[in-house]
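Asker: Next up, upload_8.cif (mmCIF, C-alpha atoms and all ligand atoms).
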data_final
loop_
_atom_site.label_atom_id
_atom_site.label_comp_id
_atom_site.auth_asym_id
_atom_site.auth_seq_id
_atom_site.Cartn_x
_atom_site.Cartn_y
_atom_site.Cartn_z
CA MET A 1 15.51 2.91 70.81
CA SER A 2 18.46 0.66 71.47
CA GLY A 3 17.44 -2.10 69.06
CA ILE A 4 17.19 -1.96 65.29
CA THR A 5 14.21 -1.24 63.04
CA ILE A 6 14.05 -2.58 59.49
CA ALA A 7 11.59 -1.07 56.96
CA LEU A 8 10.06 -3.46 54.43
CA SER A 9 7.11 -3.33 52.04
CA LYS A 10 4.51 -6.08 51.86
CA GLY A 11 4.45 -8.42 48.89
CA ARG A 12 7.45 -9.33 46.78
CA ILE A 13 10.06 -7.43 48.80
CA PHE A 14 8.91 -8.95 52.11
CA GLU A 15 8.71 -12.44 50.59
CA GLU A 16 12.13 -12.22 48.93
CA THR A 17 13.71 -10.73 52.07
CA LEU A 18 12.65 -13.62 54.33
CA PRO A 19 15.62 -15.84 53.32
CA LEU A 20 18.01 -12.92 53.89
CA LEU A 21 16.53 -12.29 57.34
CA ALA A 22 16.82 -16.01 58.08
CA ALA A 23 20.52 -15.86 57.17
CA ALA A 24 20.87 -13.11 59.78
CA GLY A 25 19.03 -15.28 62.33
CA ILE A 26 15.89 -13.12 62.17
CA THR A 27 12.38 -14.61 61.93
CA PRO A 28 9.31 -12.32 61.90
CA THR A 29 6.61 -13.23 64.43
CA ASP A 30 3.74 -12.16 62.13
CA ASP A 31 2.92 -12.35 58.43
CA PRO A 32 2.10 -8.84 57.11
CA GLU A 33 -0.22 -10.39 54.48
CA LYS A 34 -2.41 -11.76 57.27
CA SER A 35 -1.87 -9.31 60.12
CA ARG A 36 -2.91 -5.66 60.02
CA LYS A 37 0.01 -4.81 62.32
CA LEU A 38 2.49 -2.26 60.97
CA ILE A 39 5.15 -3.00 63.58
CA ILE A 40 6.14 -6.65 63.59
CA GLY A 41 8.36 -8.28 66.16
CA THR A 42 10.93 -10.95 65.47
CA ASN A 43 12.47 -13.87 67.34
CA ARG A 44 15.20 -11.42 68.36
CA PRO A 45 13.91 -8.92 70.94
CA GLU A 46 16.27 -6.19 69.68
CA VAL A 47 15.04 -6.41 66.06
CA ARG A 48 11.66 -5.18 64.77
CA LEU A 49 10.20 -4.71 61.31
CA VAL A 50 8.01 -1.83 60.13
CA ILE A 51 5.70 -2.36 57.16
CA VAL A 52 5.61 0.63 54.78
CA ARG A 53 4.63 1.42 51.19
CA ALA A 54 7.46 0.44 48.82
CA SER A 55 7.99 4.04 47.72
CA ASP A 56 8.13 5.25 51.35
CA THR A 57 10.97 2.95 52.46
CA PRO A 58 13.81 5.42 51.63
CA THR A 59 11.99 8.19 53.52
CA TYR A 60 11.69 6.15 56.74
CA VAL A 61 15.38 5.26 56.54
CA GLN A 62 16.51 8.78 55.56
CA TYR A 63 14.91 10.26 58.68
CA GLY A 64 16.10 7.44 60.96
CA ALA A 65 12.57 6.19 61.73
CA ALA A 66 13.99 2.90 60.45
CA ASP A 67 17.70 2.07 60.68
CA MET A 68 17.70 0.07 57.48
CA GLY A 69 15.32 -0.99 54.73
CA ILE A 70 15.04 -2.62 51.34
CA ALA A 71 13.98 -0.64 48.29
CA GLY A 72 13.97 -1.02 44.51
CA ARG A 73 16.46 0.92 42.38
CA ASP A 74 13.42 2.55 40.72
CA VAL A 75 12.21 3.89 44.07
CA LEU A 76 15.70 4.97 45.15
CA ILE A 77 16.23 7.00 41.99
CA GLU A 78 12.92 8.83 42.47
CA HIS A 79 13.76 9.48 46.14
CA GLY A 80 17.27 10.74 45.36
CA GLY A 81 19.12 8.74 48.03
CA ALA A 82 19.83 11.61 50.49
CA GLY A 83 21.06 10.34 53.87
CA LEU A 84 21.18 6.74 52.69
CA TYR A 85 24.14 4.40 52.64
CA GLN A 86 23.54 1.73 49.98
CA PRO A 87 25.96 -1.09 50.78
CA LEU A 88 24.36 -3.99 48.89
CA ASP A 89 22.50 -4.89 45.74
CA LEU A 90 20.38 -7.79 47.03
CA ASN A 91 19.48 -9.01 43.54
CA ILE A 92 15.81 -9.51 44.52
CA ALA A 93 12.57 -8.15 42.97
CA ARG A 94 14.29 -8.04 39.59
CA CYS A 95 12.62 -6.39 36.62
CA ARG A 96 13.32 -3.77 33.95
CA LEU A 97 12.24 -0.15 33.60
CA CYS A 98 10.93 0.19 30.05
CA VAL A 99 9.20 2.50 27.62
CA ALA A 100 6.04 0.81 26.33
CA VAL A 101 3.50 1.84 23.69
CA PRO A 102 0.35 0.40 22.11
CA GLU A 103 1.12 -2.41 19.64
CA GLY A 104 1.72 -0.91 16.20
CA PHE A 105 2.47 2.62 17.48
CA ASP A 106 5.38 4.16 15.50
CA TYR A 107 7.71 4.81 18.42
CA ALA A 108 10.75 5.38 16.18
CA ALA A 109 8.97 8.35 14.60
CA ALA A 110 7.56 9.62 17.90
CA SER A 111 10.94 9.56 19.63
CA ARG A 112 13.16 11.22 17.02
CA PRO A 113 15.37 13.98 18.45
CA GLY A 114 13.36 17.20 18.58
CA SER A 115 9.96 15.51 18.64
CA ARG A 116 7.46 15.75 21.52
CA ILE A 117 5.89 12.81 23.30
CA ARG A 118 3.35 12.41 26.11
CA VAL A 119 4.44 9.86 28.69
CA ALA A 120 2.54 8.65 31.75
CA THR A 121 4.59 7.22 34.60
CA LYS A 122 5.19 6.83 38.30
CA TYR A 123 8.93 7.19 37.59
CA VAL A 124 9.12 10.82 36.47
CA LYS A 125 12.78 11.39 37.31
CA SER A 126 14.04 8.34 35.43
CA ALA A 127 11.70 9.11 32.52
CA ARG A 128 12.75 12.76 32.34
CA GLU A 129 16.45 11.80 32.26
CA HIS A 130 15.87 9.09 29.65
CA PHE A 131 14.07 11.36 27.18
CA ALA A 132 16.42 14.30 27.84
CA ALA A 133 19.38 12.06 26.90
CA LYS A 134 17.61 11.21 23.63
CA GLY A 135 16.87 14.87 22.88
CA VAL A 136 13.13 14.21 22.94
CA HIS A 137 10.74 16.76 24.48
CA VAL A 138 8.58 14.94 26.97
CA ASP A 139 5.30 15.95 28.59
CA LEU A 140 5.22 13.83 31.74
CA ILE A 141 1.98 12.82 33.41
CA LYS A 142 2.49 11.56 36.95
CA LEU A 143 0.49 8.46 37.86
CA TYR A 144 0.61 6.24 40.96
CA GLY A 145 -0.28 2.88 39.37
CA SER A 146 -2.02 1.09 36.49
CA MET A 147 0.17 2.99 34.02
CA GLU A 148 -0.78 0.49 31.29
CA LEU A 149 -4.22 2.07 31.09
CA ALA A 150 -2.98 5.54 30.12
CA PRO A 151 -2.24 5.00 26.40
CA LEU A 152 -5.39 2.86 26.00
CA VAL A 153 -7.66 5.75 26.95
CA GLY A 154 -5.72 8.58 25.30
CA LEU A 155 -4.06 9.97 28.40
CA SER A 156 -0.57 9.46 26.93
CA ASP A 157 1.31 8.17 23.88
CA ALA A 158 3.63 5.97 25.92
CA ILE A 159 4.35 4.80 29.46
CA VAL A 160 7.49 4.23 31.47
CA ASP A 161 6.87 1.25 33.74
CA LEU A 162 8.37 -1.86 35.25
CA VAL A 163 8.28 -5.05 33.22
CA SER A 164 9.05 -8.53 34.45
CA THR A 165 7.24 -11.35 32.62
CA GLY A 166 5.64 -8.95 30.12
CA ASN A 167 2.21 -10.40 30.97
CA THR A 168 0.70 -7.05 31.98
CA LEU A 169 1.83 -5.39 28.74
CA ARG A 170 0.56 -8.30 26.60
CA ALA A 171 -2.81 -8.37 28.36
CA ASN A 172 -3.27 -4.70 27.44
CA HIS A 173 -1.92 -4.91 23.87
CA LEU A 174 1.15 -2.88 24.67
CA GLU A 175 4.78 -3.60 23.80
CA ALA A 176 8.10 -2.63 25.34
CA VAL A 177 10.05 -0.57 22.82
CA GLU A 178 13.03 0.57 24.89
CA ASP A 179 14.83 -0.64 28.01
CA ILE A 180 15.84 2.16 30.36
CA MET A 181 17.56 0.15 33.10
CA ASP A 182 17.69 -3.14 34.98
CA ILE A 183 16.08 -2.95 38.41
CA SER A 184 16.73 -4.89 41.58
CA SER A 185 16.34 -4.06 45.26
CA ARG A 186 19.06 -2.70 47.50
CA LEU A 187 19.75 -2.60 51.19
CA VAL A 188 19.67 0.99 52.43
CA VAL A 189 21.01 2.05 55.81
CA ASN A 190 20.65 5.33 57.68
CA GLN A 191 24.12 6.90 57.64
CA ALA A 192 23.99 8.17 61.23
CA ALA A 193 22.56 4.87 62.56
CA LEU A 194 25.41 2.98 60.91
CA LYS A 195 27.86 4.93 63.07
CA VAL A 196 25.89 4.79 66.32
CA LYS A 197 24.57 1.21 66.01
CA ARG A 198 27.33 -0.41 64.00
CA GLU A 199 27.60 -3.34 66.43
CA LEU A 200 23.97 -4.28 65.73
CA LEU A 201 23.76 -3.30 62.06
CA GLN A 202 27.05 -4.60 60.63
CA PRO A 203 26.33 -8.29 61.40
CA VAL A 204 22.97 -7.99 59.61
CA ILE A 205 24.64 -6.32 56.59
CA ASP A 206 27.31 -9.06 56.55
CA ALA A 207 24.72 -11.86 56.81
CA PHE A 208 22.70 -10.34 53.95
CA ALA A 209 25.88 -10.01 51.86
CA GLY A 210 26.64 -13.69 52.42
CA ALA A 211 23.11 -14.72 51.43
CA VAL A 212 22.79 -12.72 48.17
CA LYS A 213 22.09 -15.04 45.24
CA PRO A 214 23.97 -14.28 42.01
P1 LIG A 301 3.81 1.31 46.15
O1 LIG A 301 3.09 0.37 47.03
O2 LIG A 301 4.73 2.23 46.91
O3 LIG A 301 2.96 2.00 45.15
P2 LIG A 301 4.59 -0.87 44.37
O4 LIG A 301 3.17 -1.27 44.26
O5 LIG A 301 5.38 -0.68 43.09
O6 LIG A 301 4.84 0.44 45.27
P3 LIG A 301 5.64 -3.45 44.88
O7 LIG A 301 4.73 -3.92 43.80
O8 LIG A 301 5.67 -4.18 46.18
O9 LIG A 301 5.34 -1.95 45.24
O10 LIG A 301 7.09 -3.40 44.26
C1 LIG A 301 8.22 -3.22 45.07
C2 LIG A 301 9.45 -3.16 44.19
O11 LIG A 301 9.58 -4.41 43.51
C3 LIG A 301 9.41 -2.09 43.11
O12 LIG A 301 9.90 -0.85 43.60
C4 LIG A 301 10.32 -2.69 42.06
O13 LIG A 301 11.68 -2.42 42.35
C5 LIG A 301 10.07 -4.20 42.19
N1 LIG A 301 9.02 -4.68 41.25
C6 LIG A 301 7.87 -4.08 40.90
N2 LIG A 301 7.16 -4.82 40.02
C7 LIG A 301 7.88 -5.93 39.82
C8 LIG A 301 7.67 -7.11 39.04
N3 LIG A 301 6.58 -7.26 38.28
N4 LIG A 301 8.60 -8.08 39.10
C9 LIG A 301 9.69 -7.95 39.87
N5 LIG A 301 9.95 -6.86 40.63
C10 LIG A 301 9.07 -5.87 40.61
C1 LIG A 302 4.27 -4.18 38.41
C2 LIG A 302 4.42 -3.16 37.29
C3 LIG A 302 3.69 -3.80 36.13
C4 LIG A 302 3.85 -5.28 36.42
C5 LIG A 302 4.82 -5.88 35.47
O1 LIG A 302 3.01 -4.05 38.98
O2 LIG A 302 3.89 -1.90 37.63
O3 LIG A 302 2.34 -3.44 36.09
O4 LIG A 302 4.37 -5.43 37.75
O5 LIG A 302 5.01 -7.24 35.72
P1 LIG A 302 4.86 -8.31 34.53
O6 LIG A 302 5.72 -7.84 33.40
O7 LIG A 302 5.37 -9.59 35.14
O8 LIG A 302 3.41 -8.39 34.17
P2 LIG A 302 2.66 -4.85 40.32
O9 LIG A 302 2.50 -6.30 40.08
O10 LIG A 302 3.65 -4.50 41.40
O11 LIG A 302 1.28 -4.22 40.68
P3 LIG A 302 1.01 -2.81 41.34
O12 LIG A 302 2.30 -2.00 41.37
O13 LIG A 302 -0.02 -2.22 40.44
O14 LIG A 302 0.56 -3.15 42.71
#
Could you render the structure from this file as C-alpha cells?
Ligand code: ATP
Ligand code: PRP

Answerer:
Amino acid sequence: MSGITIALSKGRIFEETLPLLAAAGITPTDDPEKSRKLIIGTNRPEVRLVIVRASDTPTYVQYGAADMGIAGRDVLIEHGGAGLYQPLDLNIARCRLCVAVPEGFDYAAASRPGSRIRVATKYVKSAREHFAAKGVHVDLIKLYGSMELAPLVGLSDAIVDLVSTGNTLRANHLEAVEDIMDISSRLVVNQAALKVKRELLQPVIDAFAGAVKP
C-alpha cells in the first residue's frame, strides 16, 4: 500500500480529530456515525481512514495495519506502547483517570498502607501501579465498561475510571476520591512506516502539530 492509513475510533476521537485532519488538508468522504463502512476514503486518494475500537488503535498501528492513529493516554498505557512512536499530545478527548467510591465510603481507611481493597476497572495496569505505589493490596476485577455499576451491586469497593464532567459519577451516587492522572489523546505512528513513508507521514504530523490547541 503506497498511501497512508490512519486508525481512528468513532465518537469523541473522530469528532475532535476532524479539525486536525482539515489542517492537513484531509476531509473524510463518509461519516462513521452514519455509515457502516470500516474503511473510509478521503478527498486525498492516497489517504484512507480505518474505524476501530478505541482500545484497538495502538494494536493496528503497532502491527502496521495502520500507519498512524489517535489514542488516549489511558489506552496507550494499557497497551504498553511497543512499536509506537508518539510524537504529539493532541490535547483532545481530555479527562482524568480517578479512583471513585460510593458517597460516604471511608476511602481513607480502606486505602491505608497494608490494607486490601477490591477495585473494578478497565484500566488494570494503571490501577495496579497506582495502588502498588500507595502500598495498598489490590484485588483487581477487569471490566470492559459501565464500571460505575460495580460498587453499587457489591462487585467491588471502588472503581478506577475516566471522569470528565463528573455527571456519570453523580448520577450513580459515587464520588472521585483520588486523581491518578490527566488524560488526553496522542498521535501514534508505526516506527517502521515513519522511516519508509516519511514523505507522506511527516507533513501530516507537522500539520497536526500546528493545529493543536493549548
Ligand atoms: P472502547 O470502545 O475501546 O471500549 P471507549 O468506549 O472508552 O473504548 P471512547 O468512549 O470513544 O472509547 O473514548 C475514547 C478515548 O476518549 C478514551 O480512551 C479516553 O482517552 C477519552 N475519553 C473517554 N471518556 C471521556 C470523557 N467522558 N471525556 C473526555 N474524554 C474521554
Ligand atoms: C466515559 C467514562 C465514564 C464517563 C465519564 O464513558 O467511562 O463513564 O465517560 O464522563 P463524565 O464524567 O463526563 O460523565 P463514555 O461516555 O465513553 O461511555 P462508554 O465508554 O461507556 O461508551

Asker: Residues within 8 Å of ligand LIG 301 (chain A), counting only C-alpha atoms and all ligand atoms: report them as a list in words.

Answerer: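 Going residue by residue within 8 Å of ligand LIG 301 (chain A), we get Ser9, Lys10, Gly11, Arg12, Ile13, Arg53, Ala54, Ser55, Asp56, Ala71, Gly72, Arg73, Asp74, Val75, Ile92, Ala93, Arg94, Cys95, Tyr144, Gly145, Leu162, Val163, Ser164, Thr165, Ile183, Ser184 and Ser185 of chain A.
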
Asker: Looking at all atoms listed in the file, which of A:Ala24, A:Lys34, A:Asp67, A:Thr17 is the one that sits closest to Arg198 (chain A)?

Answerer: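 Among A:Ala24, A:Lys34, A:Asp67, A:Thr17, it is A:Asp67 that comes nearest to Arg198 (chain A).
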
Asker: Excluding Ala171 (chain A) and any residue of its chain fewer than 4 positions from it, enumerate the residues within 10 Å of it, using only C-alpha atoms, and give them as a PyMOL selection string.

Answerer: chain A and resi 148+166-167

Asker: Using only C-alpha atoms for the distances, tell me which of A:Leu88, A:Ile180, A:Ala108, A:Leu194 is nearest to Ala127 (chain A).

Answerer: A:Ile180

Asker: If I take CA of Arg118 (chain A) and CA of Leu97 (chain A), how far is one from the other in Å, to one decimal?

Answerer: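 Spanning CA of Arg118 (chain A) to CA of Leu97 (chain A) is a straight-line distance of 17.1 Å.
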
Asker: Counting only C-alpha atoms and all ligand atoms, which residue out of A:Gln202, A:Gln191, A:Ser2, A:Ser146 sits closest to ligand LIG 302 (chain A)?

Answerer: A:Ser146

Asker: Find the residues near region 205-210 of chain A: any atom within 12 Å, counting all atoms listed in the file, skip ones fewer than 5 places away on the same chain, and give them as a VMD selection string.

Answerer: chain A and resid 6 16 to 26 67 to 70 85 to 92 186 to 189 194 198 to 200

Asker: Residues within 8 Å of Ile77 (chain A), please, as an MDAnalysis selection string. Count only C-alpha atoms; anything in the same chain fewer than 4 positions from it doesn't count.

Answerer: chainID A and resid 73 81 125:126

Asker: I'd like the interatomic distance between atom O5 of ligand LIG 302 (chain A) and CA of His137 (chain A), to a tenth of an Å.

Answerer: 27.1 Å

Asker: Closest to Pro45 (chain A) among A:Thr57, A:Ala192, A:Ala66, A:Gly3, using only C-alpha atoms?

Answerer: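 Counting only C-alpha atoms, the residue closest to Pro45 (chain A) is A:Gly3.
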
Asker: With distances taken over all atoms listed in the file, which of A:Ala120, A:Glu46, A:Ser111, A:Val153 is nearest to Ala133 (chain A)?

Answerer: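 So, comparing all the options, the nearest one is A:Ser111.
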
Asker: Of the residues A:Ala7, A:Met181, A:Ala193, A:Ala150, which is the one nearest to Gly83 (chain A), using all atoms listed in the file?

Answerer: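 Between A:Ala7, A:Met181, A:Ala193, A:Ala150, the residue approaching Gly83 (chain A) most closely is A:Ala193.
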
Asker: Hey, can you check how far atom O8 of ligand LIG 302 (chain A) sits from CA of Ile51 (chain A)?

Answerer: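 One can read the atom O8 of ligand LIG 302 (chain A) to CA of Ile51 (chain A) distance as 23.9 Å.
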